[in-house]
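Shown here: input-v4.pdb, PDB, C-alpha atoms and all ligand atoms.
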```
ATOM      1  CA  MET U   1      67.656 104.608 120.453  1.00  0.00           C
ATOM      2  CA  PHE U   2      66.693 107.916 122.031  1.00  0.00           C
ATOM      3  CA  SER U   3      63.882 108.044 124.508  1.00  0.00           C
ATOM      4  CA  LYS U   4      62.542 111.305 125.898  1.00  0.00           C
ATOM      5  CA  ASP U   5      63.711 110.441 129.428  1.00  0.00           C
ATOM      6  CA  ASN U   6      67.410 109.804 128.720  1.00  0.00           C
ATOM      7  CA  LEU U   7      68.235 113.338 127.637  1.00  0.00           C
ATOM      8  CA  PRO U   8      69.251 115.390 130.745  1.00  0.00           C
ATOM      9  CA  HIS U   9      72.761 116.881 130.738  1.00  0.00           C
ATOM     10  CA  GLU U  10      75.349 114.963 132.736  1.00  0.00           C
ATOM     11  CA  ALA U  11      79.099 115.727 132.549  1.00  0.00           C
ATOM     12  CA  LEU U  12      81.500 112.760 132.505  1.00  0.00           C
ATOM     13  CA  PRO U  13      85.303 112.964 132.757  1.00  0.00           C
ATOM     14  CA  ILE U  14      86.906 112.200 129.348  1.00  0.00           C
ATOM     15  CA  PRO U  15      86.846 108.402 129.421  1.00  0.00           C
ATOM     16  CA  ASP U  16      89.865 107.705 127.197  1.00  0.00           C
ATOM     17  CA  ARG U  17      92.120 110.728 126.782  1.00  0.00           C
ATOM     18  CA  ILE U  18      95.136 110.304 124.468  1.00  0.00           C
ATOM     19  CA  GLU U  19      98.250 111.914 126.004  1.00  0.00           C
ATOM     20  CA  ARG U  20     101.081 112.789 123.566  1.00  0.00           C
ATOM     21  CA  SER U  21     104.098 115.065 123.777  1.00  0.00           C
ATOM     22  CA  ASP U  22     104.394 117.643 120.980  1.00  0.00           C
ATOM     23  CA  ASP U  23     107.052 115.472 119.302  1.00  0.00           C
ATOM     24  CA  GLU U  24     104.879 112.384 119.486  1.00  0.00           C
ATOM     25  CA  ALA U  25     101.922 114.396 118.199  1.00  0.00           C
ATOM     26  CA  LEU U  26     103.912 115.623 115.188  1.00  0.00           C
ATOM     27  CA  GLU U  27     105.070 112.108 114.405  1.00  0.00           C
ATOM     28  CA  ALA U  28     101.496 110.819 114.662  1.00  0.00           C
ATOM     29  CA  ALA U  29     100.228 113.661 112.453  1.00  0.00           C
ATOM     30  CA  ARG U  30     102.888 112.893 109.832  1.00  0.00           C
ATOM     31  CA  ASP U  31     102.199 109.155 109.952  1.00  0.00           C
ATOM     32  CA  PHE U  32      98.498 109.808 109.362  1.00  0.00           C
ATOM     33  CA  PHE U  33      99.308 112.222 106.531  1.00  0.00           C
ATOM     34  CA  ASP U  34     101.465 109.510 104.896  1.00  0.00           C
ATOM     35  CA  LEU U  35      98.702 106.949 105.312  1.00  0.00           C
ATOM     36  CA  MET U  36      96.008 109.219 103.848  1.00  0.00           C
ATOM     37  CA  SER U  37      98.320 110.336 101.024  1.00  0.00           C
ATOM     38  CA  LYS U  38      98.235 106.730  99.843  1.00  0.00           C
ATOM     39  CA  ARG U  39      94.431 106.811  99.463  1.00  0.00           C
ATOM     40  CA  HIS U  40      93.366 106.775  95.826  1.00  0.00           C
ATOM     41  CA  THR U  41      89.957 106.688  94.267  1.00  0.00           C
ATOM     42  CA  ILE U  42      90.013 103.728  91.886  1.00  0.00           C
ATOM     43  CA  ARG U  43      87.384 102.414  89.494  1.00  0.00           C
ATOM     44  CA  ASP U  44      88.699  98.905  88.843  1.00  0.00           C
ATOM     45  CA  PHE U  45      87.993  96.491  91.646  1.00  0.00           C
ATOM     46  CA  SER U  46      89.138  92.940  92.259  1.00  0.00           C
ATOM     47  CA  PRO U  47      86.349  90.421  92.911  1.00  0.00           C
ATOM     48  CA  ARG U  48      88.360  89.254  95.955  1.00  0.00           C
ATOM     49  CA  PRO U  49      85.848  88.905  98.813  1.00  0.00           C
ATOM     50  CA  VAL U  50      86.103  91.161 101.861  1.00  0.00           C
ATOM     51  CA  PRO U  51      85.014  89.672 105.205  1.00  0.00           C
ATOM     52  CA  ARG U  52      81.904  91.215 106.693  1.00  0.00           C
ATOM     53  CA  ASP U  53      83.576  92.068 110.045  1.00  0.00           C
ATOM     54  CA  ILE U  54      85.911  94.535 108.283  1.00  0.00           C
ATOM     55  CA  ILE U  55      82.917  96.339 106.789  1.00  0.00           C
ATOM     56  CA  GLU U  56      81.086  96.279 110.137  1.00  0.00           C
ATOM     57  CA  THR U  57      84.084  97.691 111.984  1.00  0.00           C
ATOM     58  CA  ALA U  58      84.573 100.463 109.414  1.00  0.00           C
ATOM     59  CA  VAL U  59      80.889 101.414 109.634  1.00  0.00           C
ATOM     60  CA  ALA U  60      81.106 101.376 113.443  1.00  0.00           C
ATOM     61  CA  THR U  61      84.030 103.823 113.047  1.00  0.00           C
ATOM     62  CA  ALA U  62      81.845 106.075 110.871  1.00  0.00           C
ATOM     63  CA  GLY U  63      79.312 105.954 113.687  1.00  0.00           C
ATOM     64  CA  ARG U  64      81.893 107.586 115.989  1.00  0.00           C
ATOM     65  CA  ALA U  65      81.741 110.834 113.987  1.00  0.00           C
ATOM     66  CA  PRO U  66      80.460 114.001 115.666  1.00  0.00           C
ATOM     67  CA  SER U  67      76.983 115.118 114.604  1.00  0.00           C
ATOM     68  CA  GLY U  68      74.450 117.896 115.119  1.00  0.00           C
ATOM     69  CA  ALA U  69      73.009 117.491 118.643  1.00  0.00           C
ATOM     70  CA  ASN U  70      74.559 113.983 118.598  1.00  0.00           C
ATOM     71  CA  HIS U  71      71.533 112.794 116.608  1.00  0.00           C
ATOM     72  CA  GLN U  72      73.752 110.658 114.333  1.00  0.00           C
ATOM     73  CA  PRO U  73      71.500 111.247 111.314  1.00  0.00           C
ATOM     74  CA  TRP U  74      73.006 108.515 109.142  1.00  0.00           C
ATOM     75  CA  PHE U  75      72.248 105.012 108.013  1.00  0.00           C
ATOM     76  CA  PHE U  76      74.542 102.643 106.123  1.00  0.00           C
ATOM     77  CA  ALA U  77      73.181  99.853 103.931  1.00  0.00           C
ATOM     78  CA  ALA U  78      75.966  97.344 103.173  1.00  0.00           C
ATOM     79  CA  VAL U  79      75.109  95.268 100.126  1.00  0.00           C
ATOM     80  CA  GLN U  80      76.937  92.073  99.210  1.00  0.00           C
ATOM     81  CA  ASP U  81      74.016  90.185  97.606  1.00  0.00           C
ATOM     82  CA  PRO U  82      74.925  89.823  93.885  1.00  0.00           C
ATOM     83  CA  ALA U  83      71.314  90.156  92.681  1.00  0.00           C
ATOM     84  CA  LEU U  84      70.845  93.382  94.627  1.00  0.00           C
ATOM     85  CA  LYS U  85      74.176  94.752  93.377  1.00  0.00           C
ATOM     86  CA  SER U  86      73.097  93.968  89.786  1.00  0.00           C
ATOM     87  CA  ARG U  87      69.798  95.787  90.315  1.00  0.00           C
ATOM     88  CA  ILE U  88      71.606  98.819  91.752  1.00  0.00           C
ATOM     89  CA  ARG U  89      74.038  98.779  88.828  1.00  0.00           C
ATOM     90  CA  ALA U  90      71.212  98.636  86.268  1.00  0.00           C
ATOM     91  CA  GLU U  91      69.269 101.472  87.897  1.00  0.00           C
ATOM     92  CA  ALA U  92      72.378 103.616  88.437  1.00  0.00           C
ATOM     93  CA  GLU U  93      73.548 103.137  84.844  1.00  0.00           C
ATOM     94  CA  ALA U  94      70.109 104.128  83.534  1.00  0.00           C
ATOM     95  CA  GLU U  95      70.488 107.483  85.355  1.00  0.00           C
ATOM     96  CA  GLU U  96      74.136 107.854  84.351  1.00  0.00           C
ATOM     97  CA  GLU U  97      73.334 107.327  80.667  1.00  0.00           C
ATOM     98  CA  LYS U  98      71.067 110.395  80.751  1.00  0.00           C
ATOM     99  CA  PHE U  99      73.737 112.318  82.670  1.00  0.00           C
ATOM    100  CA  TYR U 100      76.580 111.523  80.250  1.00  0.00           C
ATOM    101  CA  ASP U 101      74.276 111.904  77.269  1.00  0.00           C
ATOM    102  CA  GLY U 102      74.036 115.627  77.948  1.00  0.00           C
ATOM    103  CA  GLY U 103      71.874 115.886  81.058  1.00  0.00           C
ATOM    104  CA  ALA U 104      74.903 117.049  83.036  1.00  0.00           C
ATOM    105  CA  GLY U 105      75.558 120.017  80.748  1.00  0.00           C
ATOM    106  CA  ASP U 106      78.750 120.788  78.820  1.00  0.00           C
ATOM    107  CA  GLU U 107      80.693 122.415  81.633  1.00  0.00           C
ATOM    108  CA  TRP U 108      80.211 119.489  84.006  1.00  0.00           C
ATOM    109  CA  LEU U 109      81.052 116.883  81.361  1.00  0.00           C
ATOM    110  CA  LYS U 110      84.208 118.829  80.479  1.00  0.00           C
ATOM    111  CA  ALA U 111      85.218 118.902  84.148  1.00  0.00           C
ATOM    112  CA  LEU U 112      84.921 115.106  84.266  1.00  0.00           C
ATOM    113  CA  GLU U 113      86.982 114.472  81.115  1.00  0.00           C
ATOM    114  CA  PRO U 114      90.352 114.269  82.921  1.00  0.00           C
ATOM    115  CA  LEU U 115      88.920 111.599  85.207  1.00  0.00           C
ATOM    116  CA  GLY U 116      87.905 109.364  82.315  1.00  0.00           C
ATOM    117  CA  THR U 117      84.511 108.431  83.792  1.00  0.00           C
ATOM    118  CA  ASP U 118      81.495 107.331  81.765  1.00  0.00           C
ATOM    119  CA  ALA U 119      78.056 105.785  82.230  1.00  0.00           C
ATOM    120  CA  SER U 120      79.350 102.226  82.480  1.00  0.00           C
ATOM    121  CA  LYS U 121      79.645 101.155  86.131  1.00  0.00           C
ATOM    122  CA  PRO U 122      80.801  97.501  86.202  1.00  0.00           C
ATOM    123  CA  HIS U 123      82.400  98.112  89.615  1.00  0.00           C
ATOM    124  CA  LEU U 124      78.883  98.234  91.110  1.00  0.00           C
ATOM    125  CA  GLU U 125      78.759  94.477  90.487  1.00  0.00           C
ATOM    126  CA  ILE U 126      82.442  93.564  90.741  1.00  0.00           C
ATOM    127  CA  ALA U 127      83.258  95.266  94.063  1.00  0.00           C
ATOM    128  CA  PRO U 128      82.339  92.808  96.820  1.00  0.00           C
ATOM    129  CA  TRP U 129      80.479  95.474  98.803  1.00  0.00           C
ATOM    130  CA  LEU U 130      78.373  98.532  98.080  1.00  0.00           C
ATOM    131  CA  ILE U 131      77.774 100.739 101.090  1.00  0.00           C
ATOM    132  CA  VAL U 132      74.827 103.047 100.479  1.00  0.00           C
ATOM    133  CA  ILE U 133      74.867 106.054 102.771  1.00  0.00           C
ATOM    134  CA  PHE U 134      71.543 107.602 103.769  1.00  0.00           C
ATOM    135  CA  ALA U 135      70.923 110.918 105.546  1.00  0.00           C
ATOM    136  CA  GLN U 136      68.058 110.889 108.045  1.00  0.00           C
ATOM    137  CA  ARG U 137      66.112 114.091 107.560  1.00  0.00           C
ATOM    138  CA  TRP U 138      64.290 113.460 110.805  1.00  0.00           C
ATOM    139  CA  GLY U 139      64.572 110.922 113.590  1.00  0.00           C
ATOM    140  CA  ALA U 140      62.090 109.052 115.757  1.00  0.00           C
ATOM    141  CA  PHE U 141      62.008 108.523 119.520  1.00  0.00           C
ATOM    142  CA  ASP U 142      61.503 105.007 120.850  1.00  0.00           C
ATOM    143  CA  ASP U 143      57.776 105.847 121.162  1.00  0.00           C
ATOM    144  CA  GLY U 144      57.582 106.653 117.428  1.00  0.00           C
ATOM    145  CA  THR U 145      57.244 110.457 117.691  1.00  0.00           C
ATOM    146  CA  ARG U 146      59.492 112.441 115.348  1.00  0.00           C
ATOM    147  CA  PHE U 147      62.328 114.825 116.193  1.00  0.00           C
ATOM    148  CA  LYS U 148      64.228 117.225 113.992  1.00  0.00           C
ATOM    149  CA  ASN U 149      67.826 116.547 112.979  1.00  0.00           C
ATOM    150  CA  TYR U 150      70.381 119.358 112.618  1.00  0.00           C
ATOM    151  CA  TYR U 151      73.334 119.930 110.276  1.00  0.00           C
ATOM    152  CA  VAL U 152      72.418 116.734 108.480  1.00  0.00           C
ATOM    153  CA  PRO U 153      74.623 117.110 105.337  1.00  0.00           C
ATOM    154  CA  GLU U 154      77.570 118.220 107.462  1.00  0.00           C
ATOM    155  CA  SER U 155      77.159 115.333 109.921  1.00  0.00           C
ATOM    156  CA  VAL U 156      76.764 112.708 107.199  1.00  0.00           C
ATOM    157  CA  GLY U 157      79.739 114.183 105.319  1.00  0.00           C
ATOM    158  CA  ILE U 158      81.948 113.888 108.400  1.00  0.00           C
ATOM    159  CA  ALA U 159      80.801 110.294 109.023  1.00  0.00           C
ATOM    160  CA  THR U 160      81.479 109.425 105.391  1.00  0.00           C
ATOM    161  CA  GLY U 161      84.986 110.837 105.764  1.00  0.00           C
ATOM    162  CA  PHE U 162      85.533 108.647 108.818  1.00  0.00           C
ATOM    163  CA  LEU U 163      84.252 105.654 106.827  1.00  0.00           C
ATOM    164  CA  ILE U 164      86.529 106.261 103.839  1.00  0.00           C
ATOM    165  CA  ALA U 165      89.529 106.722 106.166  1.00  0.00           C
ATOM    166  CA  ALA U 166      88.638 103.545 108.107  1.00  0.00           C
ATOM    167  CA  LEU U 167      88.315 101.493 104.917  1.00  0.00           C
ATOM    168  CA  HIS U 168      91.615 102.843 103.612  1.00  0.00           C
ATOM    169  CA  ASN U 169      93.322 102.089 106.931  1.00  0.00           C
ATOM    170  CA  ALA U 170      92.094  98.490 106.523  1.00  0.00           C
ATOM    171  CA  GLY U 171      93.757  98.299 103.097  1.00  0.00           C
ATOM    172  CA  LEU U 172      90.542  98.631 101.103  1.00  0.00           C
ATOM    173  CA  SER U 173      89.675 100.958  98.264  1.00  0.00           C
ATOM    174  CA  ALA U 174      86.451 102.899  97.955  1.00  0.00           C
ATOM    175  CA  LEU U 175      84.833 104.721  95.069  1.00  0.00           C
ATOM    176  CA  THR U 176      82.212 107.370  95.761  1.00  0.00           C
ATOM    177  CA  HIS U 177      79.387 107.121  93.290  1.00  0.00           C
ATOM    178  CA  THR U 178      76.472 109.539  93.028  1.00  0.00           C
ATOM    179  CA  PRO U 179      73.929 108.689  90.357  1.00  0.00           C
ATOM    180  CA  ASN U 180      71.345 111.448  90.145  1.00  0.00           C
ATOM    181  CA  PRO U 181      68.516 111.052  91.132  1.00  0.00           C
ATOM    182  CA  MET U 182      69.113 108.341  93.719  1.00  0.00           C
ATOM    183  CA  LYS U 183      65.581 107.789  94.989  1.00  0.00           C
ATOM    184  CA  PHE U 184      65.610 104.270  93.459  1.00  0.00           C
ATOM    185  CA  LEU U 185      67.874 103.237  96.345  1.00  0.00           C
ATOM    186  CA  ASN U 186      65.070 103.757  98.901  1.00  0.00           C
ATOM    187  CA  LYS U 187      62.960 101.256  97.030  1.00  0.00           C
ATOM    188  CA  ALA U 188      65.740  98.764  96.301  1.00  0.00           C
ATOM    189  CA  LEU U 189      66.882  98.758  99.934  1.00  0.00           C
ATOM    190  CA  ASN U 190      63.489  99.237 101.544  1.00  0.00           C
ATOM    191  CA  ARG U 191      64.441 102.430 103.381  1.00  0.00           C
ATOM    192  CA  PRO U 192      61.860 104.938 104.624  1.00  0.00           C
ATOM    193  CA  ASP U 193      61.083 108.271 102.930  1.00  0.00           C
ATOM    194  CA  SER U 194      62.657 110.111 105.865  1.00  0.00           C
ATOM    195  CA  GLU U 195      66.034 108.919 104.536  1.00  0.00           C
ATOM    196  CA  LYS U 196      67.766 110.582 101.599  1.00  0.00           C
ATOM    197  CA  PRO U 197      70.373 108.524  99.729  1.00  0.00           C
ATOM    198  CA  VAL U 198      73.617 110.507  99.667  1.00  0.00           C
ATOM    199  CA  MET U 199      76.032 108.241  97.841  1.00  0.00           C
ATOM    200  CA  ILE U 200      77.040 104.716  97.015  1.00  0.00           C
ATOM    201  CA  LEU U 201      80.531 103.659  98.085  1.00  0.00           C
ATOM    202  CA  ALA U 202      81.866 100.727  96.084  1.00  0.00           C
ATOM    203  CA  VAL U 203      84.297  98.951  98.433  1.00  0.00           C
ATOM    204  CA  GLY U 204      86.861  96.238  97.907  1.00  0.00           C
ATOM    205  CA  HIS U 205      90.440  95.587  96.862  1.00  0.00           C
ATOM    206  CA  ALA U 206      91.866  97.411  93.876  1.00  0.00           C
ATOM    207  CA  ALA U 207      92.289  95.176  90.802  1.00  0.00           C
ATOM    208  CA  GLU U 208      95.893  94.238  89.843  1.00  0.00           C
ATOM    209  CA  ASP U 209      95.679  96.553  86.820  1.00  0.00           C
ATOM    210  CA  ALA U 210      93.753  99.376  88.505  1.00  0.00           C
ATOM    211  CA  THR U 211      94.883 102.873  87.534  1.00  0.00           C
ATOM    212  CA  VAL U 212      94.366 106.371  88.855  1.00  0.00           C
ATOM    213  CA  PRO U 213      93.873 109.380  86.585  1.00  0.00           C
ATOM    214  CA  ALA U 214      97.063 111.480  86.573  1.00  0.00           C
ATOM    215  CA  VAL U 215      95.148 114.649  87.479  1.00  0.00           C
ATOM    216  CA  ALA U 216      93.958 113.034  90.685  1.00  0.00           C
ATOM    217  CA  LYS U 217      97.542 113.154  91.950  1.00  0.00           C
ATOM    218  CA  ILE U 218      97.647 116.941  91.672  1.00  0.00           C
ATOM    219  CA  LYS U 219      96.777 118.174  95.139  1.00  0.00           C
ATOM    220  CA  LYS U 220      96.644 121.830  96.141  1.00  0.00           C
ATOM    221  CA  PRO U 221      99.740 122.802  98.125  1.00  0.00           C
ATOM    222  CA  LEU U 222      99.299 123.667 101.779  1.00  0.00           C
ATOM    223  CA  ASP U 223      99.758 127.400 101.210  1.00  0.00           C
ATOM    224  CA  GLU U 224      96.723 127.364  98.911  1.00  0.00           C
ATOM    225  CA  ILE U 225      94.453 125.667 101.411  1.00  0.00           C
ATOM    226  CA  LEU U 226      95.748 127.088 104.698  1.00  0.00           C
ATOM    227  CA  LYS U 227      96.392 130.579 105.976  1.00  0.00           C
ATOM    228  CA  VAL U 228      97.529 130.941 109.577  1.00  0.00           C
ATOM    229  CA  TYR U 229      96.197 134.055 111.329  1.00  0.00           C
TER
HETATM  230  N1  LIG T   1      77.885 110.571  88.991  1.00  0.00           N
HETATM  231  C1  LIG T   1      78.658 110.434  87.798  1.00  0.00           C
HETATM  232  C2  LIG T   1      79.405 111.641  87.430  1.00  0.00           C
HETATM  233  C3  LIG T   1      80.528 112.078  88.284  1.00  0.00           C
HETATM  234  C4  LIG T   1      80.451 113.309  88.883  1.00  0.00           C
HETATM  235  C5  LIG T   1      81.497 113.788  89.613  1.00  0.00           C
HETATM  236  I1  LIG T   1      81.410 115.665  90.363  1.00  0.00           I
HETATM  237  C6  LIG T   1      82.671 113.027  89.741  1.00  0.00           C
HETATM  238  O1  LIG T   1      83.748 113.523  90.483  1.00  0.00           O
HETATM  239  C7  LIG T   1      82.768 111.797  89.119  1.00  0.00           C
HETATM  240  C8  LIG T   1      81.673 111.315  88.411  1.00  0.00           C
HETATM  241  C9  LIG T   1      79.554 109.194  87.858  1.00  0.00           C
HETATM  242  O2  LIG T   1      79.670 108.586  88.928  1.00  0.00           O
HETATM  243  O3  LIG T   1      80.132 108.827  86.833  1.00  0.00           O
END
```
Show me, as structure tokens, the structure contained in the file I just sent.
Ligand code: IYR
Amino acid sequence: MFSKDNLPHEALPIPDRIERSDDEALEAARDFFDLMSKRHTIRDFSPRPVPRDIIETAVATAGRAPSGANHQPWFFAAVQDPALKSRIRAEAEAEEEKFYDGGAGDEWLKALEPLGTDASKPHLEIAPWLIVIFAQRWGAFDDGTRFKNYYVPESVGIATGFLIAALHNAGLSALTHTPNPMKFLNKALNRPDSEKPVMILAVGHAAEDATVPAVAKIKKPLDEILKVY
């Protein structure tokens, strides 16, 4: 995408500025708060299919995130193939069994108790889509030479936030899943060593009987997360 000769600085007027009065801005901020307050991490998915264009549009939205030096050090692998989802489930569960069997350590397992998670991950097959997010530790110019990426975890984290918000806005649920280690995903999805798998997002509609753990509804109040100076 980048070639060495398309990099000089050129300043453009903001192409699509959003103009809002303070009142309109407050209303928009509150509407978005209400929308995002309805986002829940769920573990029980419906097998109801989700059209590919919704996934593509949500990933395109993630690709609008800011990033270090605008290098956009992310890659999204969207998996709907049932055989590939089964393989990912099997390999993820093999890692999770070690984790829940004590590999995580007592403190971590205790912290997870209120969430009710365990090594069984049927959603990796039931959810119609798995989006595997990769961080690109380095990039390559069109001529194949490498360049360094900057603030990679931060950039990929921001893009993932955009993605989760975009999926939620489309009425879909997403579950972040982080088997450890995740190197098996490079092989399963044929991604280069320069890419580090960051997480799997299971994506789809929540099942009719999906639940959320009660503790997940306890959110820190604003005065615990914000101080105005
Ligand atoms: N990766 C495991 C464990 C897990 C860890 C955290 I931190 C969570 O918030 C939830 C789960 C799993 O997916 O079950």
Picked residues, the PyMOL selection byres (((chain U and resi 79) around 7) and not hetatm), expected as a list in words =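 After applying the PyMOL selection byres (((chain U and resi 79) around 7) and not hetatm), what remains is Ala77, Ala78, Gln80, Asp81, Lys85, Trp129, Leu130 and Ile131 of chain U.
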Cut-off 12 Å, only C-alpha atoms and all ligand atoms, neighbours of ligand LIG 1 (chain T) as a PyMOL selection string = chain U and resi 41-43+89+92-105+107-124+175-182+198-202+213+215-216
Would you mind exporting the chosen residues as a compact mmCIF listing (two decimals), in the coordinates of the input, restricted to C-alpha atoms?
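As written to disk, result-v9.txt reads:
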```
# COMPACT_ATOMS: atom_id res chain seq x y z
CA THR U 41 89.96 106.69 94.27
CA ILE U 42 90.01 103.73 91.89
CA ARG U 43 87.38 102.41 89.49
CA ARG U 89 74.04 98.78 88.83
CA ALA U 92 72.38 103.62 88.44
CA GLU U 93 73.55 103.14 84.84
CA ALA U 94 70.11 104.13 83.53
CA GLU U 95 70.49 107.48 85.36
CA GLU U 96 74.14 107.85 84.35
CA GLU U 97 73.33 107.33 80.67
CA LYS U 98 71.07 110.40 80.75
CA PHE U 99 73.74 112.32 82.67
CA TYR U 100 76.58 111.52 80.25
CA ASP U 101 74.28 111.90 77.27
CA GLY U 102 74.04 115.63 77.95
CA GLY U 103 71.87 115.89 81.06
CA ALA U 104 74.90 117.05 83.04
CA GLY U 105 75.56 120.02 80.75
CA GLU U 107 80.69 122.42 81.63
CA TRP U 108 80.21 119.49 84.01
CA LEU U 109 81.05 116.88 81.36
CA LYS U 110 84.21 118.83 80.48
CA ALA U 111 85.22 118.90 84.15
CA LEU U 112 84.92 115.11 84.27
CA GLU U 113 86.98 114.47 81.11
CA PRO U 114 90.35 114.27 82.92
CA LEU U 115 88.92 111.60 85.21
CA GLY U 116 87.90 109.36 82.32
CA THR U 117 84.51 108.43 83.79
CA ASP U 118 81.50 107.33 81.76
CA ALA U 119 78.06 105.78 82.23
CA SER U 120 79.35 102.23 82.48
CA LYS U 121 79.64 101.16 86.13
CA PRO U 122 80.80 97.50 86.20
CA HIS U 123 82.40 98.11 89.62
CA LEU U 124 78.88 98.23 91.11
CA LEU U 175 84.83 104.72 95.07
CA THR U 176 82.21 107.37 95.76
CA HIS U 177 79.39 107.12 93.29
CA THR U 178 76.47 109.54 93.03
CA PRO U 179 73.93 108.69 90.36
CA ASN U 180 71.34 111.45 90.14
CA PRO U 181 68.52 111.05 91.13
CA MET U 182 69.11 108.34 93.72
CA VAL U 198 73.62 110.51 99.67
CA MET U 199 76.03 108.24 97.84
CA ILE U 200 77.04 104.72 97.02
CA LEU U 201 80.53 103.66 98.08
CA ALA U 202 81.87 100.73 96.08
CA PRO U 213 93.87 109.38 86.58
CA VAL U 215 95.15 114.65 87.48
CA ALA U 216 93.96 113.03 90.68
```
Just how far from CA of Lys220 (chain U) is CA of Pro153 (chain U), in Å to one decimal?
-> 24.3 Å
Record the distance separating CA of Asp16 (chain U) and CA of Leu167 (chain U), expressed in Å with one decimal.
-> 23.2 Å
Between CA of Pro47 (chain U) and CA of Ala83 (chain U), what is the distance, to one decimal in Å?
->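 Computing the Euclidean distance for CA of Pro47 (chain U) and CA of Ala83 (chain U) yields 15.0 Å.
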Edge lengths and centre, in Å to one decimal, as lines of an AutoDock Vina configuration file: that's what I need for the box along x, y and z that holds all listed atoms of region 123-127 of chain U plus 4 Å on each side.
```
center_x = 81.0
center_y = 95.9
center_z = 91.8
size_x = 12.5
size_y = 12.7
size_z = 12.4
```
Near Val152 (chain U), counting all atoms listed in the file, which residues have an atom at most 8 Å away, once you skip same-chain residues fewer than 6 positions from it, shown as number ranges by chain?
-> U: 67-68, 73, 135-137
How about saving the chosen residues, C-alpha atoms kept, as a PDB file, in the coordinates of the input?
```
ATOM      1  CA  SER U  67      76.983 115.118 114.604  1.00  0.00           C
ATOM      2  CA  GLY U  68      74.450 117.896 115.119  1.00  0.00           C
ATOM      3  CA  PRO U  73      71.500 111.247 111.314  1.00  0.00           C
ATOM      4  CA  ALA U 135      70.923 110.918 105.546  1.00  0.00           C
ATOM      5  CA  GLN U 136      68.058 110.889 108.045  1.00  0.00           C
ATOM      6  CA  ARG U 137      66.112 114.091 107.560  1.00  0.00           C
TER       7      ARG U 137
END
```
Given all atoms listed in the file as the counted atoms, nearest of U:Ala127, U:Ile18, U:Leu189, U:Ala29 to Phe76 (chain U) =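 Result for the nearest residue to Phe76 (chain U): U:Leu189.
Closest approach to Val132 (chain U) among U:Ala69, U:Val59, U:Met36, U:Leu26 is made by U:Val59 (distances from only C-alpha atoms).
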Determine the residue set returned by the PyMOL selection byres (((chain U and resi 33-35) around 12) and not hetatm) for the present structure, and present it as a PyMOL selection string.
-> chain U and resi 26-32+36-40+165-171
Give the answer as one residue: which of U:Ala210, U:Ala58, U:Val203, U:Leu185 has the shortest atom-to-atom distance to Glu91 (chain U), using only C-alpha atoms?
->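 Residue with the minimum atom-to-atom distance to Glu91 (chain U): U:Leu185.
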Would you translate the PyMOL selection byres (((chain U and resi 149) around 6) and not hetatm) into the concrete set of residues it matches in this file, as a list in words?
->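 This file gives the following for the PyMOL selection byres (((chain U and resi 149) around 6) and not hetatm): Trp138, Lys148 and Tyr150 of chain U.
Between His71 (chain U) and the candidates U:Ser173, U:Lys227, U:Tyr151, U:Ile218, the tightest atom-to-atom separation, counting all atoms listed in the file, involves U:Tyr151.
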Starting from the incomplete input, reconstruct N, CA, C and O atoms of region 154-162 of chain U and report them as a PDB file, in the frame of the given file.
```
ATOM      1  N   GLU U 154      76.237 118.114 106.854  1.00  0.00           N
ATOM      2  CA  GLU U 154      77.570 118.220 107.462  1.00  0.00           C
ATOM      3  C   GLU U 154      77.890 116.949 108.251  1.00  0.00           C
ATOM      4  O   GLU U 154      78.980 116.363 108.145  1.00  0.00           O
ATOM      5  N   SER U 155      76.930 116.505 109.068  1.00  0.00           N
ATOM      6  CA  SER U 155      77.159 115.333 109.921  1.00  0.00           C
ATOM      7  C   SER U 155      77.417 114.087 109.073  1.00  0.00           C
ATOM      8  O   SER U 155      78.341 113.301 109.351  1.00  0.00           O
ATOM      9  N   VAL U 156      76.611 113.903 108.038  1.00  0.00           N
ATOM     10  CA  VAL U 156      76.764 112.708 107.199  1.00  0.00           C
ATOM     11  C   VAL U 156      78.080 112.788 106.417  1.00  0.00           C
ATOM     12  O   VAL U 156      78.760 111.777 106.223  1.00  0.00           O
ATOM     13  N   GLY U 157      78.459 114.003 106.014  1.00  0.00           N
ATOM     14  CA  GLY U 157      79.739 114.183 105.319  1.00  0.00           C
ATOM     15  C   GLY U 157      80.910 113.801 106.220  1.00  0.00           C
ATOM     16  O   GLY U 157      81.849 113.124 105.776  1.00  0.00           O
ATOM     17  N   ILE U 158      80.853 114.227 107.468  1.00  0.00           N
ATOM     18  CA  ILE U 158      81.948 113.888 108.400  1.00  0.00           C
ATOM     19  C   ILE U 158      81.998 112.368 108.602  1.00  0.00           C
ATOM     20  O   ILE U 158      83.062 111.743 108.553  1.00  0.00           O
ATOM     21  N   ALA U 159      80.840 111.754 108.808  1.00  0.00           N
ATOM     22  CA  ALA U 159      80.801 110.294 109.023  1.00  0.00           C
ATOM     23  C   ALA U 159      81.325 109.554 107.792  1.00  0.00           C
ATOM     24  O   ALA U 159      82.026 108.540 107.908  1.00  0.00           O
ATOM     25  N   THR U 160      80.999 110.066 106.625  1.00  0.00           N
ATOM     26  CA  THR U 160      81.479 109.425 105.391  1.00  0.00           C
ATOM     27  C   THR U 160      83.000 109.534 105.304  1.00  0.00           C
ATOM     28  O   THR U 160      83.677 108.589 104.883  1.00  0.00           O
ATOM     29  N   GLY U 161      83.530 110.672 105.728  1.00  0.00           N
ATOM     30  CA  GLY U 161      84.986 110.837 105.764  1.00  0.00           C
ATOM     31  C   GLY U 161      85.628 109.830 106.708  1.00  0.00           C
ATOM     32  O   GLY U 161      86.652 109.210 106.379  1.00  0.00           O
ATOM     33  N   PHE U 162      85.024 109.664 107.875  1.00  0.00           N
ATOM     34  CA  PHE U 162      85.533 108.647 108.818  1.00  0.00           C
ATOM     35  C   PHE U 162      85.510 107.267 108.144  1.00  0.00           C
ATOM     36  O   PHE U 162      86.434 106.475 108.277  1.00  0.00           O
TER      37      PHE U 162
END
```
